[in-house]
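K.L.:
My structure is stored as coords_26.txt, with compact mmCIF, C-alpha atoms and all ligand atoms.
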# COMPACT_ATOMS: atom_id res chain seq x y z
CA MET A 1 102.92 30.56 62.73
CA ASN A 2 101.53 32.24 59.65
CA LEU A 3 99.12 34.95 60.81
CA GLU A 4 97.90 35.70 57.33
CA GLN A 5 96.94 32.06 56.79
CA LEU A 6 95.25 31.97 60.19
CA LYS A 7 93.22 35.04 59.29
CA ARG A 8 92.01 33.62 55.97
CA GLN A 9 91.01 30.34 57.57
CA ALA A 10 89.10 32.11 60.35
CA GLN A 11 87.29 34.33 57.84
CA LYS A 12 86.39 31.39 55.64
CA GLU A 13 84.93 29.39 58.52
CA ALA A 14 83.06 32.39 59.90
CA SER A 15 81.37 32.99 56.58
CA LEU A 16 79.73 29.54 56.81
CA ILE A 17 78.36 30.04 60.30
CA ASN A 18 74.70 30.92 60.87
CA ASP A 19 73.86 29.89 64.39
CA VAL A 20 74.95 30.98 67.84
CA SER A 21 76.51 27.72 69.03
CA GLU A 22 78.64 27.38 65.89
CA LEU A 23 79.77 30.94 66.37
CA GLU A 24 80.69 30.25 70.00
CA LYS A 25 82.83 27.28 68.93
CA TRP A 26 84.50 29.50 66.38
CA ARG A 27 85.20 32.10 69.06
CA VAL A 28 86.83 29.53 71.35
CA ARG A 29 88.83 28.18 68.41
CA TYR A 30 90.23 31.53 67.26
CA LEU A 31 90.04 33.85 70.26
CA GLY A 32 89.91 31.47 73.25
CA ARG A 33 92.68 31.00 75.79
CA LYS A 34 93.91 27.90 74.04
CA SER A 35 93.60 29.28 70.52
CA SER A 36 96.66 29.32 68.27
CA LEU A 37 96.60 33.08 68.52
CA SER A 38 96.84 32.98 72.33
CA LEU A 39 99.59 30.43 72.15
CA PHE A 40 101.34 32.66 69.66
CA PHE A 41 101.18 35.57 72.13
CA ASP A 42 102.60 33.30 74.86
CA SER A 43 105.48 32.31 72.62
CA LEU A 44 106.43 35.97 72.08
CA THR A 45 107.93 36.25 75.58
CA LYS A 46 110.86 34.16 74.45
CA LEU A 47 111.74 36.55 71.62
CA PRO A 48 114.11 39.50 71.72
CA LEU A 49 112.46 42.85 72.33
CA SER A 50 112.45 44.23 68.79
CA GLU A 51 111.02 40.98 67.38
CA LYS A 52 108.51 40.85 70.19
CA LYS A 53 107.30 44.36 69.28
CA ARG A 54 106.99 43.69 65.57
CA GLN A 55 105.24 40.34 65.79
CA GLY A 56 103.16 41.46 68.78
CA LYS A 57 101.83 44.38 66.75
CA GLU A 58 100.78 42.12 63.90
CA ALA A 59 99.19 39.59 66.24
CA ASN A 60 97.22 42.39 67.93
CA LYS A 61 95.99 43.57 64.58
CA LEU A 62 94.80 40.08 63.78
CA ARG A 63 93.08 39.74 67.14
CA GLN A 64 91.25 43.01 66.54
CA THR A 65 90.13 41.85 63.11
CA LEU A 66 88.89 38.56 64.50
CA GLN A 67 87.06 40.28 67.36
CA GLU A 68 85.31 42.59 64.92
CA LEU A 69 84.41 39.70 62.72
CA TYR A 70 82.97 37.92 65.74
CA LYS A 71 80.89 40.92 66.76
CA ASN A 72 79.49 41.48 63.27
CA LYS A 73 78.63 37.85 62.89
CA LYS A 74 76.90 37.81 66.24
CA ASP A 75 74.79 40.86 65.37
CA GLU A 76 73.86 39.34 62.06
CA ILE A 77 72.67 36.10 63.64
CA GLU A 78 70.75 37.85 66.41
CA ASN A 79 68.99 40.19 64.00
CA LYS A 80 67.88 37.29 61.90
CA LEU A 81 66.60 35.51 64.99
CA SER A 82 64.55 38.40 66.34
CA ALA A 83 63.02 39.03 62.91
CA THR A 84 61.65 35.50 62.69
CA ALA A 85 60.57 35.63 66.31
CA ALA A 86 58.49 38.76 65.59
CA ILE A 87 56.79 37.03 62.70
CA ASN A 88 56.00 33.91 64.70
CA PHE A 89 54.97 35.69 67.84
CA LEU A 90 51.35 35.10 68.80
CA ASP A 91 50.00 37.05 71.72
CA ILE A 92 47.14 34.89 72.90
CA THR A 93 46.15 37.51 75.47
CA GLN A 94 45.50 40.16 72.82
CA PRO A 95 41.77 40.98 72.50
CA GLY A 96 40.27 39.62 69.26
CA VAL A 97 39.05 41.73 66.36
CA LYS A 98 35.26 41.67 66.58
CA GLN A 99 33.64 40.60 63.36
CA SER A 100 30.45 42.56 62.98
CA GLU A 101 27.58 40.30 62.04
CA GLY A 102 25.22 41.15 59.23
CA HIS A 103 21.49 40.53 59.38
CA LEU A 104 18.36 40.64 57.28
CA HIS A 105 16.76 43.91 56.22
CA PRO A 106 13.56 44.74 58.14
CA LEU A 107 11.53 44.43 54.95
CA THR A 108 12.95 40.96 54.33
CA LEU A 109 12.12 39.98 57.89
CA VAL A 110 8.53 41.18 57.60
CA THR A 111 8.05 39.71 54.13
CA ARG A 112 9.20 36.33 55.41
CA GLU A 113 6.84 36.51 58.36
CA ILE A 114 3.88 37.40 56.17
CA VAL A 115 4.72 34.73 53.61
CA THR A 116 5.11 32.10 56.33
CA ALA A 117 1.76 33.06 57.83
CA PHE A 118 0.05 32.59 54.45
CA GLU A 119 1.91 29.36 53.79
CA LYS A 120 0.40 27.97 56.99
CA MET A 121 -3.01 28.74 55.48
CA GLY A 122 -2.16 26.71 52.38
CA PHE A 123 -1.11 29.50 50.00
CA ALA A 124 1.52 28.84 47.32
CA ILE A 125 4.09 31.51 46.47
CA VAL A 126 4.59 32.76 42.94
CA GLU A 127 6.53 35.69 41.56
CA GLY A 128 6.06 37.95 38.56
CA PRO A 129 8.12 40.36 36.44
CA GLU A 130 8.96 43.87 37.65
CA ILE A 131 8.98 45.08 34.06
CA GLU A 132 5.40 44.58 33.05
CA SER A 133 3.29 45.29 29.98
CA GLU A 134 0.58 47.89 29.90
CA TYR A 135 -1.85 45.09 29.19
CA TYR A 136 -1.26 43.09 32.38
CA ASN A 137 -0.68 46.10 34.61
CA PHE A 138 -3.83 47.91 33.45
CA ASP A 139 -6.05 46.69 30.61
CA ALA A 140 -6.44 43.12 31.83
CA LEU A 141 -7.44 44.54 35.23
CA ASN A 142 -10.31 46.58 33.79
CA ILE A 143 -8.24 49.75 33.63
CA PRO A 144 -8.22 50.80 29.95
CA ALA A 145 -6.16 53.79 28.80
CA ASP A 146 -9.01 56.28 29.05
CA HIS A 147 -10.18 55.07 32.47
CA PRO A 148 -9.88 57.65 35.24
CA ALA A 149 -8.70 54.91 37.62
CA ARG A 150 -5.34 54.95 35.82
CA GLU A 151 -4.65 58.10 37.77
CA MET A 152 -4.55 55.98 40.92
CA TRP A 153 -1.28 54.54 39.65
CA ASP A 154 1.35 57.10 38.70
CA THR A 155 3.40 55.10 36.29
CA LEU A 156 7.05 54.89 35.30
CA TRP A 157 6.93 54.07 31.59
CA LEU A 158 9.96 52.60 29.88
CA ARG A 159 11.25 54.92 27.18
CA ASN A 160 11.73 53.42 23.71
CA SER A 161 10.07 50.28 24.95
CA HIS A 162 9.31 47.90 22.14
CA LYS A 163 5.63 47.45 21.68
CA ILE A 164 5.05 43.80 22.31
CA PRO A 165 2.18 42.10 20.51
CA ASN A 166 -0.30 40.57 22.89
CA PRO A 167 -2.60 37.91 21.48
CA LYS A 168 -4.83 37.95 24.58
CA SER A 169 -5.48 41.65 24.36
CA GLN A 170 -8.08 43.48 22.30
CA ILE A 171 -5.45 46.13 21.77
CA SER A 172 -2.82 44.83 19.37
CA SER A 173 0.27 45.94 21.22
CA SER A 174 1.38 46.81 24.68
CA ARG A 175 3.89 49.31 26.02
CA LEU A 176 6.27 48.41 28.85
CA LEU A 177 6.34 49.93 32.32
CA LEU A 178 7.58 49.24 35.83
CA ARG A 179 4.68 47.47 37.50
CA THR A 180 2.74 49.80 39.78
CA HIS A 181 1.31 46.90 41.78
CA THR A 182 1.52 43.11 42.01
CA SER A 183 -2.04 42.67 40.71
CA PRO A 184 -0.94 41.89 37.11
CA MET A 185 0.09 38.45 38.39
CA GLN A 186 -3.57 37.65 39.05
CA VAL A 187 -4.22 37.54 35.31
CA ARG A 188 -0.88 36.01 34.39
CA TYR A 189 -1.45 33.19 36.89
CA MET A 190 -5.06 32.52 35.92
CA GLU A 191 -4.11 32.34 32.23
CA THR A 192 -2.03 29.25 32.99
CA HIS A 193 -3.82 27.67 35.97
CA GLN A 194 -7.28 26.28 36.62
CA PRO A 195 -9.06 26.75 39.99
CA PRO A 196 -9.19 25.86 42.76
CA PHE A 197 -5.98 27.52 43.98
CA ARG A 198 -4.68 30.00 46.50
CA ILE A 199 -1.53 32.00 45.85
CA ILE A 200 0.41 34.95 47.15
CA VAL A 201 2.75 37.11 45.06
CA PRO A 202 5.39 39.04 46.96
CA GLY A 203 7.26 41.66 44.96
CA ARG A 204 8.63 45.12 44.39
CA CYS A 205 6.48 47.81 42.80
CA PHE A 206 7.21 51.27 41.45
CA ARG A 207 5.35 54.58 41.30
CA TYR A 208 6.20 57.85 39.65
CA GLU A 209 5.68 59.87 42.80
CA ALA A 210 7.18 62.65 44.87
CA THR A 211 8.61 60.99 47.95
CA ASP A 212 7.60 61.91 51.48
CA ALA A 213 7.26 60.13 54.82
CA SER A 214 4.60 57.78 53.41
CA HIS A 215 5.45 57.62 49.68
CA GLU A 216 8.42 56.03 47.95
CA ILE A 217 9.06 55.42 44.27
CA GLN A 218 9.68 51.78 45.15
CA PHE A 219 7.84 49.68 47.70
CA HIS A 220 6.67 46.11 48.20
CA GLN A 221 3.33 44.41 47.96
CA ILE A 222 2.06 40.96 48.60
CA GLU A 223 -0.75 40.12 46.25
CA GLY A 224 -3.16 37.35 47.14
CA LEU A 225 -5.63 35.41 45.06
CA MET A 226 -7.89 32.55 46.08
CA VAL A 227 -10.33 31.09 43.59
CA GLY A 228 -12.68 28.16 44.01
CA GLU A 229 -16.31 27.14 43.86
CA ASN A 230 -17.65 28.80 46.97
CA ILE A 231 -15.05 31.30 48.08
CA SER A 232 -16.48 34.38 49.78
CA LEU A 233 -15.40 37.52 51.61
CA ALA A 234 -16.16 35.65 54.83
CA ASN A 235 -13.40 33.16 53.97
CA PHE A 236 -11.13 36.10 53.24
CA LYS A 237 -11.87 37.71 56.59
CA ALA A 238 -11.19 34.51 58.50
CA ILE A 239 -7.86 34.02 56.72
CA ILE A 240 -6.76 37.62 57.19
CA GLU A 241 -7.62 37.51 60.88
CA GLU A 242 -5.38 34.47 61.32
CA VAL A 243 -2.55 35.98 59.31
CA VAL A 244 -2.46 39.34 61.10
CA LYS A 245 -2.66 37.58 64.45
CA ASP A 246 0.39 35.58 63.37
CA ILE A 247 2.28 38.68 62.20
CA PHE A 248 1.56 40.92 65.19
CA LYS A 249 1.63 38.12 67.78
CA GLN A 250 -1.60 39.28 69.38
CA GLN A 251 -5.35 39.34 68.83
CA VAL A 252 -6.15 41.88 66.09
CA LEU A 253 -9.49 43.35 65.06
CA VAL A 254 -10.15 43.39 61.33
CA ARG A 255 -12.74 45.50 59.54
CA PHE A 256 -13.74 46.04 55.91
CA ARG A 257 -14.63 49.43 54.45
CA PRO A 258 -16.25 49.73 51.02
CA SER A 259 -13.79 50.87 48.39
CA TYR A 260 -13.24 50.81 44.66
CA PHE A 261 -10.76 48.95 42.50
CA PRO A 262 -11.75 48.20 38.90
CA PHE A 263 -10.71 44.54 39.08
CA VAL A 264 -12.87 43.58 42.06
CA ALA A 265 -16.57 43.80 42.86
CA PRO A 266 -17.26 44.54 45.58
CA GLY A 267 -14.03 46.21 46.59
CA VAL A 268 -12.95 46.82 50.16
CA GLU A 269 -10.25 48.47 52.19
CA VAL A 270 -9.00 46.34 55.09
CA ASP A 271 -8.24 48.04 58.40
CA ILE A 272 -6.79 46.51 61.54
CA LYS A 273 -6.81 47.57 65.17
CA LEU A 274 -4.20 46.25 67.56
CA LYS A 275 -5.36 45.45 71.08
CA GLN A 276 -2.04 46.69 72.42
CA ASP A 277 -0.79 49.42 70.18
CA THR A 278 2.86 48.63 69.47
CA ARG A 279 3.55 52.28 68.84
CA HIS A 280 4.67 54.05 72.00
CA LYS A 281 3.56 57.48 70.96
CA LYS A 282 -0.03 56.50 70.37
CA GLN A 283 -0.36 54.11 73.23
CA ASP A 284 -3.98 54.83 74.07
CA THR A 285 -5.51 55.99 70.82
CA ASN A 286 -5.74 52.48 69.38
CA GLU A 287 -6.89 53.69 66.01
CA TRP A 288 -7.82 51.73 62.90
CA LEU A 289 -4.89 51.29 60.50
CA GLU A 290 -5.35 50.60 56.80
CA ILE A 291 -3.23 47.69 55.56
CA MET A 292 -4.57 46.59 52.18
CA GLY A 293 -7.07 46.78 49.35
CA ALA A 294 -9.11 43.71 48.49
CA GLY A 295 -12.34 42.43 47.03
CA MET A 296 -14.13 39.71 45.12
CA VAL A 297 -12.48 39.06 41.75
CA HIS A 298 -14.42 40.83 38.98
CA PRO A 299 -16.13 38.36 36.59
CA ASP A 300 -14.51 40.24 33.68
CA LEU A 301 -11.14 38.83 34.75
CA PHE A 302 -12.42 35.25 34.76
CA LYS A 303 -13.91 35.81 31.32
CA ARG A 304 -10.65 37.34 30.07
CA VAL A 305 -8.62 34.27 31.04
CA GLY A 306 -11.21 31.88 29.61
CA TYR A 307 -12.67 30.38 32.78
CA GLU A 308 -16.01 28.60 32.56
CA ALA A 309 -18.76 31.18 33.09
CA ASN A 310 -20.48 31.43 36.50
CA ARG A 311 -18.55 28.54 37.94
CA TRP A 312 -15.77 30.23 39.95
CA GLN A 313 -15.50 32.95 42.46
CA GLY A 314 -12.74 34.20 44.67
CA PHE A 315 -11.11 37.05 46.50
CA ALA A 316 -8.00 39.07 45.81
CA PHE A 317 -5.97 41.41 47.95
CA GLY A 318 -2.89 43.61 47.79
CA LEU A 319 -1.05 44.16 51.03
CA GLY A 320 1.62 46.81 51.60
CA VAL A 321 4.75 45.32 53.15
CA GLU A 322 6.27 48.66 54.21
CA ARG A 323 2.96 49.57 55.82
CA ILE A 324 2.98 46.40 57.94
CA ALA A 325 6.65 46.91 58.87
CA MET A 326 5.99 50.52 59.86
CA ILE A 327 3.15 49.48 62.16
CA LYS A 328 5.06 46.56 63.61
CA TYR A 329 8.33 48.38 64.29
CA GLN A 330 6.97 51.89 64.87
CA ILE A 331 8.74 53.38 61.88
CA ASN A 332 7.47 56.81 60.95
CA ASP A 333 9.15 57.42 57.59
CA ILE A 334 9.01 54.99 54.66
CA ARG A 335 12.17 56.53 53.17
CA LEU A 336 14.24 54.98 55.97
CA PHE A 337 13.89 51.53 54.37
CA PHE A 338 16.02 52.45 51.36
CA SER A 339 18.26 55.06 52.96
CA SER A 340 21.00 52.54 53.83
CA ASP A 341 21.43 54.40 57.10
CA ILE A 342 23.29 52.01 59.37
CA ARG A 343 21.82 53.63 62.50
CA PHE A 344 18.39 52.60 61.25
CA LEU A 345 19.34 49.16 59.98
CA GLU A 346 21.26 48.17 63.11
CA GLN A 347 18.05 48.24 65.13
CA PHE A 348 16.71 45.06 63.57
N1 LIG A 401 -3.33 46.72 43.41
C1 LIG A 401 -3.96 47.63 44.35
C2 LIG A 401 -3.06 48.82 44.57
O1 LIG A 401 -1.89 48.73 44.37
C3 LIG A 401 -4.24 46.95 45.66
C4 LIG A 401 -5.33 45.93 45.52
C5 LIG A 401 -6.64 46.27 45.73
C6 LIG A 401 -5.01 44.64 45.16
C7 LIG A 401 -7.65 45.37 45.62
C8 LIG A 401 -6.05 43.69 45.04
C9 LIG A 401 -7.36 44.07 45.28
O2 LIG A 401 -5.81 42.44 44.71
O3 LIG A 401 -8.33 43.17 45.16
O4 LIG A 401 -3.54 49.85 44.96
Can you present the structure in this file as structure tokens?

P.N.:
Amino acid sequence: MNLEQLKRQAQKEASLINDVSELEKWRVRYLGRKSSLSLFFDSLTKLPLSEKKRQGKEANKLRQTLQELYKNKKDEIENKLSATAAINFLDITQPGVKQSEGHLHPLTLVTREIVTAFEKMGFAIVEGPEIESEYYNFDALNIPADHPAREMWDTLWLRNSHKIPNPKSQISSSRLLLRTHTSPMQVRYMETHQPPFRIIVPGRCFRYEATDASHEIQFHQIEGLMVGENISLANFKAIIEEVVKDIFKQQVLVRFRPSYFPFVAPGVEVDIKLKQDTRHKKQDTNEWLEIMGAGMVHPDLFKRVGYEANRWQGFAFGLGVERIAMIKYQINDIRLFFSSDIRFLEQF
């Protein structure tokens, strides 16, 4: 029996093993009761004492080596097994990770409601540029540079803005600004469309203003314009009554107050009164709330866009989206809309 040869063979076979049952077979083969090593030990009894000692010592050494090899191999295989088990382990009882759901901004919600209400009344939706020319924002709306009404619109002018020639304007060029209202779209639309039509223009506006609870440098308006042969303020009132009823989901009183805007004549301010005040704090006061400016389109505008004289009339209005949202949701500070404060936004 060559122990050295036995050792090399056992080591070689062990190195190829990578599962438990193979390893167990190996163990039986090299360390089991019927292994050559065991038989070798048995055979020692027949030898003289000195020989027995010498060969017994060597055989013991080999057994120790093989036992160590077995143990190491076993650890190696088990470690590998538990590592893959950890990767593949799926605890189906573990609570899931809750995916927080996003939602629309309150201003988007209210804009959509208002737009839908007008769509039901047959209005088409158009949009205009946020960067506007001085001509469309002011001059075309009867607000020339020296007109005191310009002070009603604190304006953010664009620095170094190229003066753009405007063929429609008496003034030869026009500076650029961030539109202070959506009214410029009245003229832009009429320049390219013939009556009868009814449109609304939702959009963002900008004012050069100190901010406080009711003023922001950016806010949203929905402009409206309806032109036809016999359109009157009575038509306007009927439409607005329907629309606010739709938005506030209740009967709403509507009243007009005389007002002044250079591009309408006459001009009015529209107030509403909710039957049930949605605002907790002022439950019983039930006061009138201003929601928009409006009026009959000034004949100057029709003339400016080249409409046939004395044939058309119509109304226009500009409604504040933040204002409606504040009434509807009892919000007391306009700055909350753009604060990105999650505690505010999560309430919608
Ligand atoms: N553009 C006006 C503003 O921002 C609001 C307004 C008033 C719009 C009367 C209109 C209107 O169309 O007829 O203050």

K.L.:
How would you write, as a ChimeraX atom specification, the set of residues no farther than 7 Å from ligand LIG 401 (chain A) when counting only C-alpha atoms and all ligand atoms?

P.N.:
/A:180-183,223-224,261,263-264,267,292-297,315-319

K.L.:
So how many Å separate CA of Val252 in chain A and CA of Leu109 in chain A, to one decimal?

P.N.:
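Interatomic distance, CA of Val252 in chain A to CA of Leu109 in chain A: 20.1 Å.
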
K.L.:
Using only C-alpha atoms, which protein or nucleic acid residues come within 6 Å of range 133-145 of chain A? Drop anything in the same chain fewer than 2 positions from it, and give the result as a PyMOL selection string.

P.N.:
chain A and resi 147+174-176+184+262-263

K.L.:
Determine, counting only C-alpha atoms, which protein, DNA and RNA residues have an atom within 12 Å of an atom of Glu24 in chain A; residues of the same chain fewer than 5 positions away are not included. Present the result as a PyMOL selection string.

P.N.:
chain A and resi 14+17-19+29-32+70-71+73-74+77

K.L.:
Using only C-alpha atoms for the distances, tell me which of A:Ala210, A:Val227, A:Ile92, A:Leu39 is nearest to Arg311 in chain A.

P.N.:
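Among A:Ala210, A:Val227, A:Ile92, A:Leu39, it is A:Val227 that comes nearest to Arg311 in chain A.
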
K.L.:
Ranking A:Ile231, A:Val187, A:Leu23, A:Ile247 by minimum distance to Val115 in chain A and counting only C-alpha atoms, which one comes first?

P.N.:
A:Ile247

K.L.:
For a test of reading the model, state the distance in Å between CA of Ile217 in chain A and CA of Leu274 in chain A, rounded to one decimal.

P.N.:
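Separating CA of Ile217 in chain A from CA of Leu274 in chain A is a distance of 28.3 Å.
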
K.L.:
Point out the residue among A:His220, A:Gly228, A:Thr155, A:Tyr307 with the least atom-to-atom distance to Thr192 in chain A, counting only C-alpha atoms.

P.N.:
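Looking only at the distances to Thr192 in chain A, the closest residue turns out to be A:Tyr307.
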
K.L.:
(-3.4, 57.3, 43.9) in this file's frame - what residues fall within 12 Å of it? Use all atoms listed in the file and give the answer as an mmCIF file with C-alpha atoms, in the frame of the given file.

P.N.:
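This went into result22.cif:
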data_model
loop_
_atom_site.group_PDB
_atom_site.id
_atom_site.type_symbol
_atom_site.label_atom_id
_atom_site.label_comp_id
_atom_site.auth_asym_id
_atom_site.auth_seq_id
_atom_site.Cartn_x
_atom_site.Cartn_y
_atom_site.Cartn_z
ATOM 1 C CA PRO A 148 -9.880 57.650 35.240
ATOM 2 C CA ALA A 149 -8.700 54.910 37.620
ATOM 3 C CA ARG A 150 -5.340 54.950 35.820
ATOM 4 C CA GLU A 151 -4.650 58.100 37.770
ATOM 5 C CA MET A 152 -4.550 55.980 40.920
ATOM 6 C CA TRP A 153 -1.280 54.540 39.650
ATOM 7 C CA ASP A 154 1.350 57.100 38.700
ATOM 8 C CA THR A 155 3.400 55.100 36.290
ATOM 9 C CA THR A 180 2.740 49.800 39.780
ATOM 10 C CA HIS A 181 1.310 46.900 41.780
ATOM 11 C CA ARG A 207 5.350 54.580 41.300
ATOM 12 C CA TYR A 208 6.200 57.850 39.650
ATOM 13 C CA GLU A 209 5.680 59.870 42.800
ATOM 14 C CA ALA A 210 7.180 62.650 44.870
ATOM 15 C CA HIS A 215 5.450 57.620 49.680
ATOM 16 C CA TYR A 260 -13.240 50.810 44.660
ATOM 17 C CA PHE A 261 -10.760 48.950 42.500
#

K.L.:
Taking 4 positions as the minimum chain separation for residues in the same chain, which residues sit within 6 Å of range 331-337 of chain A when counting only C-alpha atoms? Answer as a list in words.

P.N.:
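Listing them by chain and then by number gives Ala213, Ser214 and Met326 of chain A.
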
K.L.:
Provide the CA of Gln218 in chain A to CA of Lys120 in chain A distance in Å, to one decimal place.

P.N.:
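Distance between the two atoms: 28.2 Å.
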
K.L.:
Choose the residue, out of A:Arg255, A:Trp312, A:Leu81, A:Val321, that has the smallest atom-to-atom separation from Asn230 in chain A; count only C-alpha atoms.

P.N.:
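That would be A:Trp312, the residue with the smallest distance to Asn230 in chain A.
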
K.L.:
Considering only C-alpha atoms, return as a list in words whatever protein or nucleic-acid residues lie within 9 Å of Arg257 in chain A, sequence-local ones (same chain, fewer than 2 positions apart) excluded.

P.N.:
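So, after excluding close chain neighbours, the residues are Arg255, Ser259, Gly267, Val268, Glu269, Val270 and Asp271 of chain A.
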
K.L.:
Counting all atoms listed in the file, figure out which residue out of A:Glu78, A:Glu4, A:Glu101, A:Glu287 gets nearest to Ala59 in chain A.

P.N.:
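Once distances to Ala59 in chain A are computed over all atoms listed in the file, the minimum belongs to A:Glu4.
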
K.L.:
From the set A:Lys273, A:Lys12, A:His193, A:Lys61, which residue has the shortest atom-to-atom contact distance to Trp26 in chain A, counting only C-alpha atoms?

P.N.:
A:Lys12

K.L.:
I'd like the neighbourhood of Ile272 in chain A as a ChimeraX atom specification, where a residue qualifies if any of its atoms comes within 10 Å (using all atoms listed in the file), though same-chain residues fewer than 4 positions away should be ignored.

P.N.:
/A:240-241,244,252-256,286-292

K.L.:
Store the residues picked out above, limited to C-alpha atoms, as a CSV table (one decimal), keeping the file's coordinate frame.

P.N.:
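Output file part.csv follows:
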chain,number,residue,atom,x,y,z
A,240,ILE,CA,-6.8,37.6,57.2
A,241,GLU,CA,-7.6,37.5,60.9
A,244,VAL,CA,-2.5,39.3,61.1
A,252,VAL,CA,-6.2,41.9,66.1
A,253,LEU,CA,-9.5,43.4,65.1
A,254,VAL,CA,-10.2,43.4,61.3
A,255,ARG,CA,-12.7,45.5,59.5
A,256,PHE,CA,-13.7,46.0,55.9
A,286,ASN,CA,-5.7,52.5,69.4
A,287,GLU,CA,-6.9,53.7,66.0
A,288,TRP,CA,-7.8,51.7,62.9
A,289,LEU,CA,-4.9,51.3,60.5
A,290,GLU,CA,-5.4,50.6,56.8
A,291,ILE,CA,-3.2,47.7,55.6
A,292,MET,CA,-4.6,46.6,52.2
